[in-house]
file upload22.txt (compact mmCIF, C-alpha atoms and all ligand atoms)
# COMPACT_ATOMS: atom_id res chain seq x y z
CA MET A 1 -28.82 -25.29 -8.34
CA ALA A 2 -30.93 -22.15 -8.17
CA PRO A 3 -29.00 -18.91 -8.06
CA ARG A 4 -29.12 -17.06 -4.78
CA LEU A 5 -29.51 -13.69 -6.35
CA ALA A 6 -30.38 -11.74 -3.24
CA ALA A 7 -28.22 -13.76 -0.92
CA MET A 8 -24.82 -13.66 -2.54
CA ASP A 9 -22.45 -13.88 0.35
CA ASP A 10 -19.79 -11.47 -0.80
CA PRO A 11 -18.29 -10.34 2.52
CA ARG A 12 -18.20 -6.73 1.31
CA MET A 13 -21.90 -6.63 0.53
CA PRO A 14 -24.37 -4.54 2.45
CA ALA A 15 -26.75 -6.31 4.81
CA ALA A 16 -29.33 -8.51 3.13
CA SER A 17 -32.14 -6.07 3.78
CA GLN A 18 -30.26 -3.39 1.84
CA ARG A 19 -29.26 -5.55 -1.05
CA PRO A 20 -30.86 -4.58 -4.32
CA HIS A 21 -32.74 -7.27 -6.16
CA PRO A 22 -31.46 -7.73 -9.70
CA THR A 23 -34.71 -6.43 -11.11
CA GLU A 24 -34.73 -3.44 -8.77
CA PRO A 25 -31.29 -1.88 -9.04
CA ALA A 26 -30.76 0.65 -6.29
CA GLY A 27 -30.41 4.11 -7.72
CA ARG A 28 -29.11 3.06 -11.12
CA SER A 29 -30.78 2.28 -14.37
CA PRO A 30 -30.33 -1.37 -15.31
CA ASP A 31 -27.57 -2.06 -17.78
CA PRO A 32 -29.59 -2.78 -20.90
CA LEU A 33 -26.70 -4.65 -22.49
CA VAL A 34 -27.26 -7.69 -20.26
CA SER A 35 -30.81 -8.77 -19.51
CA ASP A 36 -32.03 -9.91 -16.10
CA ALA A 37 -32.62 -13.36 -17.54
CA GLU A 38 -29.03 -13.51 -18.74
CA LEU A 39 -27.73 -12.32 -15.39
CA THR A 40 -29.77 -14.96 -13.61
CA ALA A 41 -28.47 -17.63 -15.97
CA ILE A 42 -24.86 -16.51 -15.48
CA LEU A 43 -25.24 -16.69 -11.71
CA ALA A 44 -26.73 -20.18 -11.94
CA ILE A 45 -23.85 -21.46 -14.06
CA VAL A 46 -21.16 -19.90 -11.88
CA GLU A 47 -22.81 -21.13 -8.69
CA GLU A 48 -23.05 -24.66 -10.04
CA ALA A 49 -19.36 -24.57 -10.99
CA ARG A 50 -18.24 -23.53 -7.49
CA PRO A 51 -17.13 -27.03 -6.36
CA ALA A 52 -15.19 -27.51 -9.59
CA TYR A 53 -13.63 -24.08 -9.09
CA LEU A 54 -12.38 -25.01 -5.62
CA ALA A 55 -11.06 -28.39 -6.78
CA GLU A 56 -9.13 -26.72 -9.60
CA LEU A 57 -7.86 -24.04 -7.22
CA GLU A 58 -6.44 -26.71 -4.94
CA ALA A 59 -4.85 -28.50 -7.90
CA LEU A 60 -3.14 -25.34 -9.21
CA VAL A 61 -2.03 -24.00 -5.83
CA SER A 62 -0.41 -27.38 -5.13
CA VAL A 63 2.07 -26.90 -8.00
CA ASP A 64 5.29 -24.95 -7.42
CA CYS A 65 5.17 -22.50 -10.29
CA GLY A 66 7.48 -19.61 -9.51
CA SER A 67 8.44 -17.71 -12.64
CA TYR A 68 11.73 -19.65 -12.93
CA SER A 69 10.15 -23.09 -12.30
CA LYS A 70 9.47 -23.92 -15.94
CA ALA A 71 8.15 -27.42 -15.27
CA GLY A 72 5.64 -26.15 -12.74
CA VAL A 73 4.51 -23.19 -14.82
CA ASP A 74 4.06 -25.48 -17.81
CA ALA A 75 2.10 -27.98 -15.71
CA VAL A 76 -0.31 -25.22 -14.71
CA GLY A 77 -0.35 -24.00 -18.31
CA ALA A 78 -1.31 -27.45 -19.58
CA ARG A 79 -4.34 -27.57 -17.26
CA VAL A 80 -5.35 -24.07 -18.29
CA ALA A 81 -4.92 -24.91 -21.99
CA ALA A 82 -7.12 -28.00 -21.57
CA ALA A 83 -9.78 -25.98 -19.77
CA LEU A 84 -9.78 -23.28 -22.44
CA ALA A 85 -9.99 -25.86 -25.22
CA GLY A 86 -12.81 -27.52 -23.30
CA ILE A 87 -14.94 -24.38 -23.52
CA GLY A 88 -14.36 -23.93 -27.24
CA GLY A 89 -11.11 -21.97 -27.42
CA LEU A 90 -8.59 -22.38 -30.19
CA VAL A 91 -5.48 -22.88 -28.07
CA VAL A 92 -1.94 -22.08 -29.20
CA VAL A 93 0.98 -22.74 -26.84
CA HIS A 94 3.98 -20.49 -27.51
CA PRO A 95 7.04 -22.37 -26.25
CA HIS A 96 9.99 -20.86 -24.40
CA ALA A 97 13.29 -22.60 -23.68
CA GLU A 98 13.86 -21.38 -20.10
CA LEU A 99 10.70 -19.70 -18.89
CA GLY A 100 7.26 -21.27 -19.02
CA ASP A 101 5.27 -21.43 -22.23
CA THR A 102 2.59 -18.81 -22.94
CA VAL A 103 -0.92 -20.15 -23.46
CA VAL A 104 -3.16 -18.17 -25.82
CA ALA A 105 -6.76 -19.15 -26.55
CA THR A 106 -8.94 -17.43 -29.10
CA PHE A 107 -12.73 -17.59 -29.17
CA ALA A 108 -14.38 -16.54 -32.41
CA GLY A 109 -17.10 -13.94 -32.07
CA VAL A 110 -19.49 -11.66 -33.82
CA GLU A 111 -18.01 -9.37 -36.43
CA ASP A 112 -18.20 -5.67 -35.48
CA ALA A 113 -18.60 -6.40 -31.75
CA ALA A 114 -15.91 -5.22 -29.33
CA ARG A 115 -12.92 -7.56 -29.27
CA LEU A 116 -11.77 -8.45 -25.78
CA LEU A 117 -8.41 -9.47 -24.39
CA VAL A 118 -8.48 -11.31 -21.05
CA LEU A 119 -5.12 -11.30 -19.28
CA ALA A 120 -4.12 -13.79 -16.60
CA HIS A 121 -0.79 -15.23 -15.47
CA LEU A 122 0.40 -18.70 -14.50
CA ASP A 123 3.43 -17.91 -12.34
CA THR A 124 3.95 -16.99 -8.69
CA VAL A 125 6.78 -15.29 -6.80
CA PHE A 126 7.45 -18.35 -4.63
CA PRO A 127 10.47 -20.71 -4.73
CA PRO A 128 10.28 -24.49 -5.18
CA GLY A 129 9.09 -26.24 -2.02
CA THR A 130 6.53 -23.60 -1.05
CA ALA A 131 3.56 -25.73 -2.11
CA ALA A 132 4.71 -28.48 0.28
CA SER A 133 5.60 -26.18 3.16
CA ARG A 134 2.43 -24.07 2.91
CA PRO A 135 -0.17 -26.36 1.29
CA PHE A 136 -3.62 -25.33 0.10
CA ARG A 137 -6.12 -24.97 2.94
CA LEU A 138 -9.76 -24.00 3.27
CA ALA A 139 -10.72 -22.63 6.67
CA ASP A 140 -12.84 -19.85 8.14
CA GLY A 141 -14.09 -18.72 4.75
CA ARG A 142 -10.62 -18.30 3.35
CA ALA A 143 -8.46 -20.32 0.98
CA THR A 144 -4.70 -20.12 1.53
CA GLY A 145 -1.61 -21.42 -0.22
CA PRO A 146 1.03 -20.08 -2.61
CA GLY A 147 -0.46 -18.04 -5.43
CA VAL A 148 -4.04 -18.39 -4.20
CA ALA A 149 -4.41 -14.59 -4.32
CA ASP A 150 -1.92 -13.77 -7.08
CA MET A 151 -3.43 -15.07 -9.17
CA LYS A 152 -4.77 -18.61 -9.32
CA SER A 153 -8.14 -17.40 -8.06
CA GLY A 154 -8.45 -14.86 -10.88
CA LEU A 155 -7.09 -17.28 -13.47
CA ILE A 156 -9.75 -19.89 -12.76
CA ALA A 157 -12.44 -17.23 -12.34
CA ALA A 158 -11.64 -15.93 -15.81
CA ILE A 159 -12.08 -19.37 -17.36
CA HIS A 160 -15.36 -19.94 -15.53
CA ALA A 161 -16.58 -16.44 -16.39
CA LEU A 162 -15.80 -16.90 -20.05
CA ALA A 163 -17.56 -20.27 -20.02
CA ALA A 164 -20.66 -18.68 -18.47
CA ALA A 165 -20.60 -15.70 -20.84
CA ARG A 166 -20.36 -17.98 -23.86
CA ALA A 167 -23.03 -20.33 -22.58
CA VAL A 168 -25.48 -17.49 -22.01
CA ALA A 169 -24.60 -15.05 -24.78
CA GLY A 170 -22.11 -16.83 -27.04
CA PRO A 171 -23.74 -16.06 -30.38
CA SER A 172 -23.88 -12.33 -29.60
CA ILE A 173 -20.48 -11.47 -28.16
CA GLY A 174 -17.29 -10.43 -29.89
CA ARG A 175 -14.03 -12.24 -30.30
CA VAL A 176 -12.20 -12.98 -27.06
CA ALA A 177 -8.47 -13.65 -26.78
CA PHE A 178 -7.28 -15.15 -23.50
CA VAL A 179 -3.62 -14.97 -22.49
CA ALA A 180 -2.20 -17.05 -19.64
CA ASN A 181 1.28 -15.64 -19.27
CA PRO A 182 4.17 -17.53 -17.63
CA ASP A 183 6.35 -14.66 -16.46
CA GLU A 184 4.29 -11.73 -15.17
CA GLU A 185 6.01 -11.71 -11.79
CA ILE A 186 9.37 -10.94 -13.42
CA GLY A 187 7.99 -8.25 -15.74
CA SER A 188 6.57 -10.48 -18.53
CA PRO A 189 9.80 -10.55 -20.58
CA SER A 190 8.77 -13.42 -22.85
CA SER A 191 5.03 -12.75 -23.06
CA THR A 192 4.95 -8.98 -23.57
CA PRO A 193 5.54 -9.16 -27.36
CA LEU A 194 2.60 -11.57 -27.66
CA ILE A 195 0.42 -9.41 -25.42
CA ARG A 196 1.30 -6.33 -27.46
CA ALA A 197 0.50 -8.09 -30.73
CA LEU A 198 -2.91 -9.20 -29.41
CA ALA A 199 -3.61 -5.81 -27.83
CA ALA A 200 -3.07 -4.13 -31.19
CA GLU A 201 -6.24 -5.83 -32.42
CA THR A 202 -8.23 -5.50 -29.18
CA ASP A 203 -10.87 -2.99 -28.14
CA VAL A 204 -10.94 -3.67 -24.38
CA ALA A 205 -8.54 -5.45 -22.02
CA LEU A 206 -9.74 -7.11 -18.80
CA VAL A 207 -7.10 -8.18 -16.28
CA VAL A 208 -7.98 -10.73 -13.62
CA GLU A 209 -5.58 -9.89 -10.84
CA SER A 210 -7.56 -10.26 -7.63
CA ALA A 211 -9.83 -7.54 -6.33
CA ARG A 212 -8.24 -5.62 -3.47
CA ALA A 213 -8.78 -6.80 0.11
CA ASN A 214 -11.49 -4.12 0.48
CA GLY A 215 -13.24 -5.41 -2.64
CA ALA A 216 -12.17 -2.61 -4.99
CA ILE A 217 -11.33 -3.14 -8.64
CA VAL A 218 -8.32 -1.43 -10.17
CA SER A 219 -8.69 1.34 -12.75
CA SER A 220 -5.18 2.77 -12.67
CA ARG A 221 -1.67 1.62 -11.91
CA LYS A 222 1.56 3.53 -11.75
CA GLY A 223 4.11 3.14 -14.51
CA ILE A 224 7.42 1.65 -13.41
CA VAL A 225 10.93 1.94 -14.78
CA GLU A 226 13.71 0.00 -13.13
CA LEU A 227 17.16 1.28 -13.90
CA ARG A 228 20.75 0.29 -13.31
CA LEU A 229 23.17 3.21 -13.09
CA LEU A 230 26.75 2.14 -13.77
CA VAL A 231 29.21 4.72 -12.44
CA HIS A 232 32.72 4.63 -13.90
CA GLY A 233 35.53 6.46 -12.05
CA ARG A 234 39.28 5.94 -11.87
CA ALA A 235 41.19 3.86 -9.31
CA ALA A 236 44.16 5.29 -7.38
CA HIS A 237 46.04 4.70 -4.12
CA ALA A 238 43.86 6.40 -1.54
CA GLY A 239 46.88 7.53 0.56
CA VAL A 240 49.74 8.01 -1.88
CA GLU A 241 48.13 9.83 -4.80
CA PRO A 242 44.42 10.25 -4.15
CA GLU A 243 44.32 13.28 -6.48
CA LYS A 244 44.71 10.89 -9.43
CA GLY A 245 41.57 8.99 -8.47
CA ARG A 246 38.00 9.74 -9.46
CA SER A 247 35.66 8.16 -6.94
CA ALA A 248 32.72 6.32 -8.43
CA ILE A 249 31.36 5.96 -4.90
CA LEU A 250 31.38 9.72 -4.30
CA GLU A 251 29.49 10.22 -7.56
CA ALA A 252 27.08 7.45 -6.58
CA ALA A 253 26.45 9.24 -3.29
CA HIS A 254 25.62 12.48 -5.12
CA LEU A 255 23.31 10.53 -7.41
CA VAL A 256 21.49 8.85 -4.53
CA THR A 257 20.73 12.23 -2.98
CA ALA A 258 19.58 13.69 -6.28
CA LEU A 259 17.45 10.64 -7.15
CA HIS A 260 15.68 10.68 -3.81
CA ALA A 261 14.93 14.39 -4.33
CA LEU A 262 13.08 13.74 -7.61
CA PRO A 263 9.65 12.94 -6.07
CA ALA A 264 9.46 16.48 -4.69
CA ARG A 265 9.21 17.77 -8.27
CA TRP A 266 6.16 15.77 -9.45
CA PRO A 267 3.18 14.80 -7.27
CA THR A 268 2.88 11.13 -8.26
CA VAL A 269 6.55 10.27 -8.73
CA THR A 270 8.39 7.93 -6.38
CA CYS A 271 12.06 7.10 -6.75
CA ASN A 272 14.03 4.64 -4.66
CA VAL A 273 17.64 3.51 -4.84
CA GLY A 274 17.12 -0.01 -3.58
CA VAL A 275 20.59 -1.45 -4.19
CA ILE A 276 24.03 0.14 -4.02
CA ALA A 277 27.37 -1.53 -4.63
CA GLY A 278 30.86 -0.42 -5.50
CA GLY A 279 34.55 -0.24 -4.71
CA THR A 280 37.05 -2.93 -3.78
CA ARG A 281 39.11 -1.96 -0.72
CA PRO A 282 39.25 0.91 1.77
CA ASN A 283 42.66 2.07 0.46
CA VAL A 284 41.57 2.22 -3.19
CA VAL A 285 39.63 5.11 -4.75
CA ALA A 286 36.62 3.28 -6.15
CA ASP A 287 36.56 3.02 -9.91
CA GLU A 288 33.12 1.39 -10.22
CA ALA A 289 29.77 1.71 -8.46
CA VAL A 290 26.29 0.49 -9.33
CA LEU A 291 22.90 1.81 -8.26
CA GLU A 292 19.62 -0.02 -8.85
CA VAL A 293 16.68 2.33 -8.99
CA ASP A 294 12.88 1.96 -8.97
CA LEU A 295 11.07 4.91 -10.54
CA ARG A 296 7.25 5.14 -10.60
CA ALA A 297 4.66 7.70 -11.70
CA ALA A 298 0.91 7.69 -12.23
CA THR A 299 1.00 9.57 -15.54
CA GLY A 300 3.03 9.16 -18.70
CA PRO A 301 4.25 12.80 -18.77
CA GLU A 302 5.45 12.63 -15.16
CA LEU A 303 7.21 9.31 -15.75
CA ASP A 304 8.89 10.66 -18.88
CA ALA A 305 9.93 13.90 -17.15
CA ALA A 306 11.44 12.06 -14.18
CA LEU A 307 13.21 9.65 -16.52
CA ALA A 308 14.63 12.56 -18.50
CA ALA A 309 15.83 14.09 -15.23
CA ILE A 310 17.68 10.86 -14.37
CA HIS A 311 19.35 10.81 -17.77
CA GLY A 312 20.27 14.46 -17.19
CA LEU A 313 21.92 13.62 -13.86
CA ALA A 314 23.85 10.81 -15.52
CA ALA A 315 25.02 13.10 -18.32
CA ALA A 316 26.36 15.74 -15.92
CA PRO A 317 28.16 14.01 -13.04
CA THR A 318 29.28 16.06 -10.04
CA VAL A 319 32.69 14.37 -9.79
CA PRO A 320 34.95 15.45 -12.72
CA ASP A 321 35.83 12.83 -15.36
CA VAL A 322 33.35 10.27 -14.00
CA THR A 323 30.88 8.79 -16.49
CA VAL A 324 27.50 7.22 -15.79
CA ASP A 325 25.69 4.70 -18.00
CA VAL A 326 21.95 4.21 -17.57
CA VAL A 327 20.36 0.85 -18.39
CA GLU A 328 16.59 0.34 -18.21
CA THR A 329 15.97 -3.21 -16.99
CA VAL A 330 12.17 -3.08 -16.59
CA SER A 331 9.68 -0.65 -18.11
CA TRP A 332 5.89 -0.52 -17.69
CA ARG A 333 3.87 2.44 -18.94
CA PRO A 334 1.30 3.84 -16.48
CA MET A 335 -2.22 2.42 -16.66
CA GLU A 336 -4.17 5.66 -16.43
CA LYS A 337 -7.89 5.95 -15.83
CA THR A 338 -9.22 7.47 -19.03
CA ALA A 339 -12.70 8.56 -20.12
CA ARG A 340 -13.07 5.22 -21.89
CA SER A 341 -11.82 3.07 -19.03
CA ALA A 342 -14.21 5.01 -16.77
CA VAL A 343 -17.01 3.58 -18.92
CA LEU A 344 -15.72 0.09 -18.06
CA VAL A 345 -15.88 1.04 -14.37
CA ASP A 346 -19.47 2.23 -14.85
CA HIS A 347 -20.41 -1.10 -16.43
CA ALA A 348 -18.79 -3.00 -13.55
CA GLU A 349 -20.50 -0.87 -10.90
CA GLY A 350 -23.90 -1.18 -12.57
CA LEU A 351 -23.67 -4.93 -13.09
CA ALA A 352 -22.40 -5.53 -9.55
CA ALA A 353 -25.34 -3.55 -8.13
CA ARG A 354 -27.74 -5.72 -10.12
CA ILE A 355 -26.03 -8.89 -8.89
CA GLY A 356 -26.29 -7.55 -5.37
CA PHE A 357 -23.08 -5.94 -4.20
CA GLN A 358 -21.17 -2.71 -4.59
CA VAL A 359 -17.79 -2.17 -6.19
CA ARG A 360 -15.64 0.90 -6.42
CA ASP A 361 -12.40 1.43 -8.27
CA VAL A 362 -9.01 2.42 -6.90
CA ALA A 363 -5.50 3.25 -8.08
CA THR A 364 -2.52 1.15 -7.05
CA GLY A 365 1.24 1.54 -7.26
CA GLY A 366 2.06 -1.93 -8.57
CA ALA A 367 2.17 -2.89 -12.24
CA SER A 368 0.43 -5.67 -14.13
CA ASP A 369 0.01 -6.66 -17.76
CA GLY A 370 -2.74 -4.03 -17.75
CA ASN A 371 0.02 -1.43 -17.90
CA THR A 372 1.07 -2.86 -21.25
CA THR A 373 -2.38 -2.71 -22.83
CA ALA A 374 -3.32 0.64 -21.28
CA GLY A 375 0.02 2.06 -22.38
CA MET A 376 -1.00 1.17 -25.95
CA GLY A 377 -4.25 3.08 -25.56
CA VAL A 378 -6.52 0.06 -25.03
CA PRO A 379 -9.21 0.78 -22.37
CA THR A 380 -8.22 -1.54 -19.53
CA LEU A 381 -9.77 -2.61 -16.24
CA ASP A 382 -8.01 -4.75 -13.62
CA GLY A 383 -8.70 -6.34 -10.26
CA LEU A 384 -11.53 -8.38 -11.76
CA GLY A 385 -10.72 -11.60 -9.90
CA PRO A 386 -12.26 -12.63 -6.57
CA ILE A 387 -11.36 -10.69 -3.41
CA ALA A 388 -7.97 -11.59 -1.98
CA GLY A 389 -5.21 -10.09 0.12
CA ILE A 390 -1.57 -10.11 1.21
CA PRO A 391 -0.15 -11.15 -2.18
CA HIS A 392 3.52 -12.17 -2.48
CA ALA A 393 3.62 -13.11 1.21
CA PRO A 394 2.97 -16.18 3.37
CA GLY A 395 -0.31 -14.72 4.64
CA GLU A 396 -1.97 -14.46 1.22
CA TYR A 397 -5.60 -15.52 1.19
CA LEU A 398 -8.73 -15.66 -0.96
CA GLU A 399 -12.22 -14.77 0.32
CA VAL A 400 -14.10 -17.91 -0.72
CA ASP A 401 -17.52 -16.24 -0.61
CA SER A 402 -16.40 -13.72 -3.22
CA ILE A 403 -15.77 -16.41 -5.86
CA VAL A 404 -19.35 -16.64 -7.18
CA PRO A 405 -20.29 -12.94 -7.22
CA ARG A 406 -17.00 -11.81 -8.71
CA THR A 407 -16.95 -14.53 -11.35
CA ALA A 408 -20.53 -13.65 -12.28
CA LEU A 409 -19.57 -9.97 -12.48
CA LEU A 410 -16.69 -10.78 -14.82
CA ALA A 411 -18.95 -12.91 -17.03
CA ALA A 412 -21.58 -10.17 -17.17
CA LEU A 413 -18.91 -7.58 -17.88
CA ILE A 414 -17.61 -9.64 -20.81
CA VAL A 415 -21.12 -9.72 -22.27
CA ALA A 416 -21.87 -6.03 -21.60
CA VAL A 417 -18.60 -4.66 -22.93
CA SER A 418 -18.75 -6.90 -25.96
CA ARG A 419 -22.18 -5.49 -26.80
CA ASP A 420 -21.37 -1.85 -26.00
CA PRO A 421 -21.24 -0.13 -29.39
CA SER A 422 -18.89 2.54 -28.04
CA PHE A 423 -16.19 -0.15 -27.81
CA ALA A 424 -16.85 -1.69 -31.23
CA PRO A 425 -13.94 -1.73 -33.67
CA GLY A 426 -13.49 1.64 -35.31
CA HIS A 427 -15.30 3.51 -32.54
CA GLY A 428 -12.14 4.04 -30.49
CA ALA A 429 -11.25 7.44 -29.10
ZN ZN B 501 -0.40 -11.19 -10.39
call {"tool": "encode", "arguments": {"input": "upload22.txt", "output": "structure tokens"}}
result
Amino acid sequence: MAPRLAAMDDPRMPAASQRPHPTEPAGRSPDPLVSDAELTAILAIVEEARPAYLAELEALVSVDCGSYSKAGVDAVGARVAAALAGIGGLVVVHPHAELGDTVVATFAGVEDAARLLVLAHLDTVFPPGTAASRPFRLADGRATGPGVADMKSGLIAAIHALAAARAVAGPSIGRVAFVANPDEEIGSPSSTPLIRALAAETDVALVVESARANGAIVSSRKGIVELRLLVHGRAAHAGVEPEKGRSAILEAAHLVTALHALPARWPTVTCNVGVIAGGTRPNVVADEAVLEVDLRAATGPELDAALAAIHGLAAAPTVPDVTVDVVETVSWRPMEKTARSAVLVDHAEGLAARIGFQVRDVATGGASDGNTTAGMGVPTLDGLGPIAGIPHAPGEYLEVDSIVPRTALLAALIVAVSRDPSFAPGHGA
């Protein structure tokens, strides 16, 4: 099928009359790293694969694959592994006893070209039975069903994009590692060591969470630390000898107030005590209390400063003789927009304009595996899947008309970044 270069029906695109033709980019110089002929070929391949994309999307959305549904996650992983092997990847499945297995595919590439890491995940946040109660549907230009937005659409787009990039430019692009992770929605506990090991020998990371509902890609994400504060007091009869008690609940109350005051000290910090528990009976001075805390910041220094402040509060309780233990249960470094990740944004903007639509980049407060790679200093760009909205909720949807343009953009970005000498090994900042 011929590519519809000037008629891509991305819903966020300007009117047809304003759309730039790929050979006449509006106001930008063409990205010389990908030729017009290559861009045209990529679009043709992606367009032709659209029916297969939708069939695979239905197949994957129809599997219950919440992070704790190992059988379902592994069923999705097996299909992804087969697809990656089918386009020339060397697939290794890293088994896990309770969580799903992690699928890693490696594609050999040109020596000295930028090495890419593509990050996708297999799991959803939904419990067993969701696929039956809210089955895949296509209507009014939208696909719906559990995980359609987060992130089956991006997962399949990444495979199709890599296939197109290799078909068009295979002999000239660098090594690509592709991770399909089974446990992103619970903080990637089993896959993070693998992702870190691969990121250590990667020049650029591309994450295929969906583009935002307004079409934006994601260049920065807040860092997140989840903490459990265990407050230890001393029990006593609340009426007979209350002076012998040390109330863990009173200390917890002081802590809640102090924790919620932290954001006032740093512009990007948020801090929320989301769970509080403690005590046994009204007539007993509480000897134990627990707080569960979500701390976020857009920059590493702010996150570290706020974290240090929390440890300081725990080390100096207000109630005498009470002690407070701090346990970090989840930790993601911020994904900050750096000078080098801004170059990735420039590539994406330029390539999108040549394909025929506009993208811009935004910051978001949620974490992804991009936080892991960016936290290691690897230039990282996220939100590279098709346009979708309302993730983690029954209303989640995918904009079907964004599949082709966004998949083509990702394929072109893989080629461009791979050929950009500023990202070649040894040229890092
Ligand atoms: Zn996701």
call {"tool": "atom_distance", "arguments": {"input": "upload22.txt", "atom1": "CA of Val225 in chain A", "atom2": "CA of Leu198 in chain A"}}
result
23.0 Å
call {"tool": "atom_distance", "arguments": {"input": "upload22.txt", "atom1": "CA of Arg333 in chain A", "atom2": "CA of Ala205 in chain A"}}
result
15.0 Å
call {"tool": "axis_aligned_box", "arguments": {"input": "upload22.txt", "around": "range 294-309 of chain A", "padding_each_side": "4 Å", "output": "JSON"}}
result
{"center_x": 8.4, "center_y": 8.0, "center_z": -13.9, "size_x": 22.9, "size_y": 20.1, "size_z": 17.9}
call {"tool": "residues_around", "arguments": {"input": "upload22.txt", "residues": "Glu243 in chain A", "least_positions_apart": "5", "cutoff": "12 Å", "atoms": "only C-alpha atoms", "output": "JSON, numbers by chain"}}
result
{"A": [234, 235, 236, 237, 238, 284, 285, 320]}
call {"tool": "closest_residue", "arguments": {"input": "upload22.txt", "among": "A:Asp36, A:Glu399, A:Asp325, A:Glu185", "to": "Val168 in chain A", "atoms": "only C-alpha atoms"}}
result
A:Asp36
call {"tool": "closest_residue", "arguments": {"input": "upload22.txt", "among": "A:Ala59, A:Ala143, A:Met376, A:Ala367", "to": "ligand ZN 501 (chain B)", "atoms": "all atoms listed in the file"}}
result
A:Ala367
call {"tool": "atom_distance", "arguments": {"input": "upload22.txt", "atom1": "CA of Arg246 in chain A", "atom2": "CA of Glu328 in chain A"}}
result
25.0 Å
call {"tool": "residues_near_ligand", "arguments": {"input": "upload22.txt", "ligand": "ligand ZN 501 (chain B)", "cutoff": "8 Å", "atoms": "only C-alpha atoms and all ligand atoms", "output": "number ranges by chain"}}
result
A: 120-121, 123-124, 150-151, 184-185, 209-210, 368
call {"tool": "write_last_selection", "arguments": {"input": "upload22.txt", "atoms": "C-alpha atoms", "output": "mmCIF file, keeping the file's coordinate frame"}}
result
data_model
loop_
_atom_site.group_PDB
_atom_site.id
_atom_site.type_symbol
_atom_site.label_atom_id
_atom_site.label_comp_id
_atom_site.auth_asym_id
_atom_site.auth_seq_id
_atom_site.Cartn_x
_atom_site.Cartn_y
_atom_site.Cartn_z
ATOM 1 C CA ALA A 120 -4.120 -13.790 -16.600
ATOM 2 C CA HIS A 121 -0.790 -15.230 -15.470
ATOM 3 C CA ASP A 123 3.430 -17.910 -12.340
ATOM 4 C CA THR A 124 3.950 -16.990 -8.690
ATOM 5 C CA ASP A 150 -1.920 -13.770 -7.080
ATOM 6 C CA MET A 151 -3.430 -15.070 -9.170
ATOM 7 C CA GLU A 184 4.290 -11.730 -15.170
ATOM 8 C CA GLU A 185 6.010 -11.710 -11.790
ATOM 9 C CA GLU A 209 -5.580 -9.890 -10.840
ATOM 10 C CA SER A 210 -7.560 -10.260 -7.630
ATOM 11 C CA SER A 368 0.430 -5.670 -14.130
#
call {"tool": "decode", "arguments": {"input": "upload22.txt", "residues": "range 389-401 of chain A", "atoms": "N, CA and C atoms", "output": "PDB file, in the first residue's frame"}}
result
ATOM      1  N   GLY A 389      -4.946   7.614  26.408  1.00  0.00           N
ATOM      2  CA  GLY A 389      -5.340   8.381  27.587  1.00  0.00           C
ATOM      3  C   GLY A 389      -5.981   7.523  28.663  1.00  0.00           C
ATOM      4  N   ILE A 390      -6.175   8.138  29.809  1.00  0.00           N
ATOM      5  CA  ILE A 390      -6.830   7.566  30.993  1.00  0.00           C
ATOM      6  C   ILE A 390      -6.224   6.214  31.384  1.00  0.00           C
ATOM      7  N   PRO A 391      -4.886   6.140  31.501  1.00  0.00           N
ATOM      8  CA  PRO A 391      -4.278   4.874  31.904  1.00  0.00           C
ATOM      9  C   PRO A 391      -4.681   4.483  33.323  1.00  0.00           C
ATOM     10  N   HIS A 392      -4.600   3.200  33.614  1.00  0.00           N
ATOM     11  CA  HIS A 392      -4.868   2.646  34.955  1.00  0.00           C
ATOM     12  C   HIS A 392      -6.339   2.800  35.352  1.00  0.00           C
ATOM     13  N   ALA A 393      -7.212   3.030  34.407  1.00  0.00           N
ATOM     14  CA  ALA A 393      -8.619   3.247  34.743  1.00  0.00           C
ATOM     15  C   ALA A 393      -9.503   2.616  33.666  1.00  0.00           C
ATOM     16  N   PRO A 394     -10.773   2.357  34.013  1.00  0.00           N
ATOM     17  CA  PRO A 394     -11.644   1.678  33.045  1.00  0.00           C
ATOM     18  C   PRO A 394     -11.811   2.434  31.727  1.00  0.00           C
ATOM     19  N   GLY A 395     -11.636   3.743  31.751  1.00  0.00           N
ATOM     20  CA  GLY A 395     -11.844   4.527  30.531  1.00  0.00           C
ATOM     21  C   GLY A 395     -10.650   4.588  29.597  1.00  0.00           C
ATOM     22  N   GLU A 396      -9.590   3.830  29.861  1.00  0.00           N
ATOM     23  CA  GLU A 396      -8.383   3.978  29.044  1.00  0.00           C
ATOM     24  C   GLU A 396      -8.671   3.654  27.580  1.00  0.00           C
ATOM     25  N   TYR A 397      -8.000   4.411  26.703  1.00  0.00           N
ATOM     26  CA  TYR A 397      -8.265   4.275  25.269  1.00  0.00           C
ATOM     27  C   TYR A 397      -6.996   4.558  24.485  1.00  0.00           C
ATOM     28  N   LEU A 398      -7.002   4.104  23.241  1.00  0.00           N
ATOM     29  CA  LEU A 398      -5.925   4.370  22.283  1.00  0.00           C
ATOM     30  C   LEU A 398      -6.533   5.064  21.074  1.00  0.00           C
ATOM     31  N   GLU A 399      -5.877   6.139  20.596  1.00  0.00           N
ATOM     32  CA  GLU A 399      -6.310   6.810  19.362  1.00  0.00           C
ATOM     33  C   GLU A 399      -5.783   5.999  18.181  1.00  0.00           C
ATOM     34  N   VAL A 400      -6.689   5.282  17.508  1.00  0.00           N
ATOM     35  CA  VAL A 400      -6.260   4.345  16.461  1.00  0.00           C
ATOM     36  C   VAL A 400      -5.507   5.057  15.334  1.00  0.00           C
ATOM     37  N   ASP A 401      -5.951   6.274  14.994  1.00  0.00           N
ATOM     38  CA  ASP A 401      -5.294   6.971  13.884  1.00  0.00           C
ATOM     39  C   ASP A 401      -3.884   7.452  14.224  1.00  0.00           C
TER      40      ASP A 401
END
